[in-house]
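Everything on this sheet refers to the single structure shown next.
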Amino acid sequence: MDAPSLQGLLTPPALALFGLCIGSFLNVVIHRMPLMLEREWRAESAELLSVQIEPAETLTLSRPRSRCPSCGHAITWYENIPVLSYLWLRGRCSECKTRISPRYPLVELLTGILFGLIGWRFGATPVALLWCGFAAVLVALSGIDWDTTFLPDNLTLPLLWAGLVSSAAGWTIPLSDAVWGAAVGYLSLWSVYWLFKLTTGKEGMGFGDFKLLAALGAWLGLKMILPIVLAASIIGAVIGIVMKLGGSLREGRYVPFGPFLAGAGLVVMLAGPARVLGLIGWA
C-alpha cells in the first residue's frame with residue numbers, strides 16, 4: 001500500500017469509523033474479561049485446595065458467539081453493526097424484546113469519537129494508531145473498573161510496558177520522561193494509599209490504580225502526573241456527590257477511581273502537554 005493510500009486510511013473520519021468497530025469489540029472485553037479472570041481464579045483455587053469443580057463452558061473474547069443474556073439468541077452480523085443495529089432494534093433483543101443496555105452504543109460512539117480526535121490531534125501518521133490503541137485500552141479499563149471496581153493486570157501492565165517501549169523506540173516522549181513518569185505515577189498513589197490506611201485503617205483505593213497511573217506516566221510523562229490526578233480527583237468527587245445525592249450510590253460503596261484517571265489521561269493526551277502546562281501555569 002502506497003503512502004497516500006495509507007494516509008487516507010488514517011484520516012479522522014476513517015479512524016472514527018474504525019473506532020466504532022473497535023468499540024464493539026471493547027464491549028466484549030468489558031463484559032467477558034472479568035468473567036474469564038474469575039473462572040481462572042476459581043480453577044487455580046480449586047487446584048490448590050484439591051477440590052473438584054464442574055467444568056464450565058469455554059469462554060474467551062471470541063468464543064462463544066455474542067448472544068442475548070436473557071434468551072440465548074445468537075447475535076447475527078447485521079444485529080452487531082455498531083450503533084446502527086441498536087437504533088434499528090430500538091434497543092431491544094430481536095427475539096425476546098429484552099432491553100439492551102444503552103452503554104453498548106455509548107462505548108462504540110465514545111471510541112469512535114476518541115479515534116477521530118486522535119486522528120485530528122496527531123495527523124494521518126502511524127503514531128495516531130499507537131495512540132488509538134492507548135485510548136482503546138483506557139476505555140476497556142474504565143468499563144471494567146466501573147462494573148467491578150477492579151483493574152486487571154492483563155490490561156494495565158501491557159499498557160505500561162507499551163508506553164515504555166514506544167518511548168524507547170522514539171515514537172512518543174523521551175525515555176527518561178517515560179520512566180520517571182511511570183515511577184512517580186505509581187509511587188504517588190502508593191504513598192497516598194498507605195497514608196490513608198495508616199491514618200484511618202481503611203483502604204482508599206486498589207493497587208490497580210497505582211499501575212494505571214504508572215502506565216499514564218509512561219505514555220504522557222512526569223509533568224502530566226499532577227494534572228491527571230487533580231482532574232481525576234475533582235471530577236470523581238463531583239460525580240460521587242451527585243450519585244450520593246441521587247441515591248444511586250449505596251452506603252458503604254464507593255465510586256471507582258480508575259475511570260476518572262483514564263478520562264483525565266485521555267483529556268491530557270488530546271489537549272497536549274503545552275496547553276495543559278499553560279493552563280496550570282507551568283509553561
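Following the order of the C-alpha cells, chains are lettered A, B, ..., residues in each are numbered from 1, and ligands are numbered from 1.
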| request: Can you pull out every residue within 10 Å of Gly272 (chain A), counting only C-alpha atoms, but drop anything in the same chain fewer than 4 positions away, and send it as a PyMOL selection string? | output: chain A and resi 121+220+224+266-268+276-277
Could the residues in this selection be written to a file with N, CA, C and O atoms, as a compact mmCIF listing (two decimals), in the first residue's frame?
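File produced: out-v4.txt:
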```txt
# COMPACT_ATOMS: atom_id res chain seq x y z
N ARG A 121 -5.64 15.18 16.15
CA ARG A 121 -4.54 15.66 17.01
C ARG A 121 -3.16 15.29 16.45
O ARG A 121 -2.24 16.10 16.46
N LEU A 220 2.58 9.65 28.96
CA LEU A 220 2.40 11.10 28.90
C LEU A 220 3.50 11.89 29.59
O LEU A 220 3.61 13.09 29.39
N MET A 224 2.85 15.41 33.54
CA MET A 224 1.41 15.24 33.38
C MET A 224 0.76 14.52 34.57
O MET A 224 -0.46 14.42 34.65
N LEU A 266 -6.87 10.75 28.96
CA LEU A 266 -7.30 10.98 27.58
C LEU A 266 -7.40 12.47 27.27
O LEU A 266 -7.01 12.93 26.19
N VAL A 267 -7.92 13.23 28.22
CA VAL A 267 -8.03 14.69 28.01
C VAL A 267 -6.65 15.32 27.88
O VAL A 267 -6.41 16.15 27.00
N VAL A 268 -5.72 14.91 28.75
CA VAL A 268 -4.36 15.44 28.70
C VAL A 268 -3.69 15.07 27.37
O VAL A 268 -3.01 15.89 26.74
N VAL A 276 -1.80 21.95 28.51
CA VAL A 276 -2.07 21.55 29.89
C VAL A 276 -1.17 22.33 30.86
O VAL A 276 -1.64 22.86 31.87
N LEU A 277 0.12 22.39 30.55
CA LEU A 277 1.06 23.10 31.43
C LEU A 277 0.75 24.60 31.46
O LEU A 277 0.91 25.25 32.49
```
| helix (DSSP H, G or I) call set, DSSP backbone run, region 123-235 of chain A, as a VMD selection string | chain A and resid 126 to 148 153 to 168 175 to 200 207 to 220 222 to 235
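Using only C-alpha atoms, the nearest neighbour of Leu160 (chain A) within the list A:Ala14, A:Leu245, A:Ala215, A:Asp145 is A:Ala215.
Note that CA of Leu35 (chain A) and CA of Ile144 (chain A) are 10.6 Å apart.
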| request: May I have the residues within 12 Å of Pro227 (chain A) as a PyMOL selection string, using only C-alpha atoms and disregarding those fewer than 3 positions away in the same chain? | output: chain A and resi 185+213+216-217+220-224+230-234+261+263-269+271-273+275-282
| Near-Leu212 (chain A) list (12 Å; only C-alpha atoms; drop same-chain fewer than 6 positions) as a ChimeraX atom specification | /A:134,137-138,141-142,145,150-161,163,181-190,205-206,218-219,225,228-229,257-265
